[in-house]
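Scroll down for the structure; my scribbles are underneath it.
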Amino acid sequence: MANNTDRDEILAFVAEKYFLEDHKQTEIAEMIGLTRSAVSRMLTEAREKGIVEIIIHHPFKYNTALQEQLKGQLGLKYVSVVDFSKQPNYTTLKKQLGKAAARLLTTLIKPGYQIGIAWGTTVQATIEAFEVTHIPNTKVVQLVGVLGSTRHSYSAQTLVERLADLIDGEGMYLYAPFIVENEKTAASLLEDTSVVQAFSRGKQSNIALVGIGTTKPDYCSLLEGKHISRQELAAIQSAEAVGDVCGLYFKIDGSLAPVDFHKRRIGISYKDLKTINTRLAIAGNPEKAEAVFGAICGGFINALVTDNLTANRVLELARIHCQKTVK
């Protein structure tokens with residue numbers, strides 16, 4: 001009787017003949033002296049055991065008309081709008097936007113560049129989709145502090161390390177928490193030599209890779225991750241904030257919201273963020289449209305990867321809030 005290793009070898013052989021060499025099941029059955037139905041069962045077993053993994057790569061469909069409208073009307077440098085016939089679930093949406101952002105980022109990073117990284121699940125999706133490629137003399141810099149005491153897959157420190165590995169670059173870290181208890185602690189940390197040096201490096205980045213947060217509770221990552229309380233979020237909402245980039249909260253017109261949270265965050269300043277030549281955000285879902293629009297108006301970002309439904313909603317907001325509209 002064949003042991004498990006022998007069995008798996010047979011399953012791999014059958015799967016290879018069927019999936020890679022395009023043999024029919026009847027042909028494979030003749031090769032190994034079994035029936036076609038037995039081969040069919042073996043292919044199923046191979047999938048169940050993980051010997052065979054089936055990955056479907058859906059081709060991207062970009063909405064070039066929306067891309068041009070966003071560029072022309074809102075002055076964005078680079079735009080990718082992934083077209084969906086219907087809104088996918090949020091997890092799928094982030095993965096697809098991450099793939100599109102990785103493609104764009106690949107074209108933007110040049111030898112000698114420095115890339116600043118914020119935290120976020122869409123930034124994580126982008127870096128996860130980025131293919132290993134050697135880009136000489138690159139640096140990857142952390143723009144905001146660490147989220148909490150535990151290691152998050154979407155924290156800036158983790159993402160800096162991952163992207164630096166992928167492009168064979170040098171990771172440069174900010175060893176400080178993102179949120180502290182009070183203004184006094186934040187002020188003390190911001191005077192620390194290592195923190196000052198980290199921010200000095202950050203503003204010299206050629207590209208900033210960021211997400212856009214929203215103050216809507218159902219889609220607020222800081223609330224979901226328990227980094228802020230509902231009471232803190234309510235206070236931020238009461239200041240008319242619609243979203244944030246790097247923990248910098250803004251109103252729908254792009255102006256900074258007067259929130260105490262800013263006094264407790266350790267991250268790149270608004271002034272320094274705007275000195276970075278390309279500020280690329282990855283954000284989708286119409287529920288985030290107000291946050292995306294505010295981020296554009298305030299100059300927090302000047303490049304965007306989003307989906308068609310969100311793009312349409314952002315353009316609607318532009319018609320409402322901006323004096324210059326498309327006729």
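Residues in the structure tokens are numbered from 1 in each chain, the chains being A, B, ... in the order shown, and ligands are numbered from 1 in the order shown.
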Using only C-alpha atoms, which residues sit within 12 Å of stretch 46-57 of chain A once same-chain residues fewer than 5 positions away are excluded, as a compact mmCIF listing (two decimals) with C-alpha atoms, in the first residue's frame?
```txt
# COMPACT_ATOMS: atom_id res chain seq x y z
CA ASN A 4 1.22 9.38 1.96
CA THR A 5 4.36 10.62 0.23
CA ARG A 7 0.23 9.15 -2.89
CA ASP A 8 1.06 12.85 -3.02
CA GLU A 9 3.65 12.22 -5.74
CA ILE A 10 1.01 10.46 -7.85
CA LEU A 11 -1.45 13.32 -7.24
CA ALA A 12 1.22 15.86 -8.26
CA PHE A 13 1.99 13.85 -11.40
CA VAL A 14 -1.69 13.73 -12.39
CA ALA A 15 -2.18 17.44 -11.67
CA GLU A 16 0.92 18.38 -13.67
CA LYS A 17 -0.22 16.38 -16.69
CA TYR A 18 -3.71 17.90 -16.53
CA PHE A 19 -3.09 21.56 -15.58
CA LEU A 20 0.37 22.22 -17.04
CA VAL A 39 -8.37 10.70 -12.30
CA SER A 40 -11.13 13.24 -11.71
CA ARG A 41 -11.26 12.27 -8.03
CA LYS A 95 -6.86 44.07 -2.79
CA GLN A 96 -7.74 45.20 -6.31
CA LYS A 99 -2.69 45.76 -7.25
```
*Please, which residues of stretch 11-163 of chain A, numbered as in this document, come out strand (DSSP E or B) from DSSP, as a PyMOL selection string?*
chain A and resi 62+78-82+114-117+139-142+144+146
Take the residues that were just selected and, keeping N, CA and C atoms, output them as a PDB file, in the first residue's frame.
```pdb
ATOM      1  N   TYR A  62      -9.535  49.847 -16.562  1.00  0.00           N
ATOM      2  CA  TYR A  62      -9.411  51.210 -16.060  1.00  0.00           C
ATOM      3  C   TYR A  62     -10.422  52.118 -16.754  1.00  0.00           C
ATOM      4  N   TYR A  78      -1.252  62.032 -11.002  1.00  0.00           N
ATOM      5  CA  TYR A  78      -1.426  60.656 -11.466  1.00  0.00           C
ATOM      6  C   TYR A  78      -2.740  60.123 -10.894  1.00  0.00           C
ATOM      7  N   VAL A  79      -3.488  59.435 -11.760  1.00  0.00           N
ATOM      8  CA  VAL A  79      -4.758  58.848 -11.322  1.00  0.00           C
ATOM      9  C   VAL A  79      -4.941  57.486 -11.976  1.00  0.00           C
ATOM     10  N   SER A  80      -5.325  56.505 -11.177  1.00  0.00           N
ATOM     11  CA  SER A  80      -5.760  55.207 -11.692  1.00  0.00           C
ATOM     12  C   SER A  80      -7.149  54.938 -11.121  1.00  0.00           C
ATOM     13  N   VAL A  81      -8.125  54.745 -12.009  1.00  0.00           N
ATOM     14  CA  VAL A  81      -9.488  54.435 -11.583  1.00  0.00           C
ATOM     15  C   VAL A  81      -9.830  53.032 -12.067  1.00  0.00           C
ATOM     16  N   VAL A  82      -9.928  52.108 -11.138  1.00  0.00           N
ATOM     17  CA  VAL A  82     -10.278  50.730 -11.478  1.00  0.00           C
ATOM     18  C   VAL A  82     -11.783  50.645 -11.651  1.00  0.00           C
ATOM     19  N   GLN A 114      13.610  58.046  -2.612  1.00  0.00           N
ATOM     20  CA  GLN A 114      13.233  57.755  -1.228  1.00  0.00           C
ATOM     21  C   GLN A 114      11.711  57.731  -1.162  1.00  0.00           C
ATOM     22  N   ILE A 115      11.169  56.681  -0.567  1.00  0.00           N
ATOM     23  CA  ILE A 115       9.723  56.511  -0.486  1.00  0.00           C
ATOM     24  C   ILE A 115       9.288  56.598   0.969  1.00  0.00           C
ATOM     25  N   GLY A 116       8.397  57.515   1.268  1.00  0.00           N
ATOM     26  CA  GLY A 116       7.855  57.644   2.611  1.00  0.00           C
ATOM     27  C   GLY A 116       6.596  56.805   2.751  1.00  0.00           C
ATOM     28  N   ILE A 117       6.472  56.112   3.877  1.00  0.00           N
ATOM     29  CA  ILE A 117       5.349  55.193   4.083  1.00  0.00           C
ATOM     30  C   ILE A 117       4.550  55.589   5.316  1.00  0.00           C
ATOM     31  N   LYS A 139      15.703  54.232  -0.617  1.00  0.00           N
ATOM     32  CA  LYS A 139      15.444  54.240   0.823  1.00  0.00           C
ATOM     33  C   LYS A 139      13.929  54.243   1.039  1.00  0.00           C
ATOM     34  N   VAL A 140      13.485  53.583   2.103  1.00  0.00           N
ATOM     35  CA  VAL A 140      12.071  53.566   2.469  1.00  0.00           C
ATOM     36  C   VAL A 140      11.970  54.103   3.888  1.00  0.00           C
ATOM     37  N   VAL A 141      11.206  55.181   4.055  1.00  0.00           N
ATOM     38  CA  VAL A 141      11.206  55.941   5.301  1.00  0.00           C
ATOM     39  C   VAL A 141       9.830  55.903   5.964  1.00  0.00           C
ATOM     40  N   GLN A 142       9.842  55.777   7.263  1.00  0.00           N
ATOM     41  CA  GLN A 142       8.609  55.758   8.056  1.00  0.00           C
ATOM     42  C   GLN A 142       8.160  57.194   8.356  1.00  0.00           C
ATOM     43  N   VAL A 144       5.137  58.071  10.009  1.00  0.00           N
ATOM     44  CA  VAL A 144       4.346  58.195  11.240  1.00  0.00           C
ATOM     45  C   VAL A 144       4.828  57.161  12.245  1.00  0.00           C
ATOM     46  N   VAL A 146       4.561  54.324  15.505  1.00  0.00           N
ATOM     47  CA  VAL A 146       4.083  52.947  15.581  1.00  0.00           C
ATOM     48  C   VAL A 146       2.704  52.899  16.238  1.00  0.00           C
TER      49      VAL A 146
END
```
*Output as a PyMOL selection string all residues of stretch 122-277 of chain A that backbone DSSP marks as helix (DSSP H, G or I).*
chain A and resi 122-129+156-167+183-190+193-202+217-219+221-224+230-238+260-263+270-273
*Residues at most 9 Å from A:Lys263, counting only C-alpha atoms, excluding those fewer than 3 positions away in the same chain, as an NGL selection string?*
:A and (182-184 or 186-187 or 259-260 or 266)
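Nearest residue to A:Ile109 among A:Ser221, A:Thr138, A:Thr193, A:Asn277 is A:Thr138, counting only C-alpha atoms.
Each of A:Gly211, A:Gly267, A:Gly120, A:Gly72 was checked against A:Leu174 using only C-alpha atoms; the smallest atom-to-atom distance is that of A:Gly267.
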*A:Gly98: which residues within 12 Å, counting only C-alpha atoms, same-chain residues fewer than 2 positions away excluded, as an MDAnalysis selection string?*
chainID A and resid 60 80:82 91:96 100:105 120:131 209:211 280:284 304:307
*Choose the residue, out of A:Cys297, A:Ile135, A:Ala239, A:Ala234, that has the smallest atom-to-atom separation from A:Gly169; count only C-alpha atoms.*
A:Ile135
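Between atom CA of A:His134 and atom CA of A:Tyr175 the separation is 26.4 Å.
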*Distance query A:Glu224 at most 12 Å, only C-alpha atoms, self and fewer than 3 positions along chain excluded, as a VMD selection string*: chain A and resid 120 to 121 213 to 221 227 to 230 233
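Here the question is which of A:Ser255, A:Asn312, A:Ser238, A:Thr185 gets nearest to A:Gly298 using only C-alpha atoms, and that residue is A:Ser255.
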Determine, using only C-alpha atoms, which residues of stretch 235-270 of chain A have any atom at most 12 Å from an atom of stretch 196-208 of chain A, and tabulate each with its shortest atom pair and distance in Å to one decimal place, rows ordered by chain and then rising number, as CSV.
```
residue,atom,partner,partner_atom,distance
A:Val245,CA,A:Ala208,CA,10.8
A:Cys246,CA,A:Ala208,CA,10.3
A:Ile266,CA,A:Phe199,CA,9.8
A:Gly267,CA,A:Phe199,CA,7.7
A:Ile268,CA,A:Phe199,CA,6.1
A:Ser269,CA,A:Phe199,CA,8.5
A:Tyr270,CA,A:Lys203,CA,10.2
```
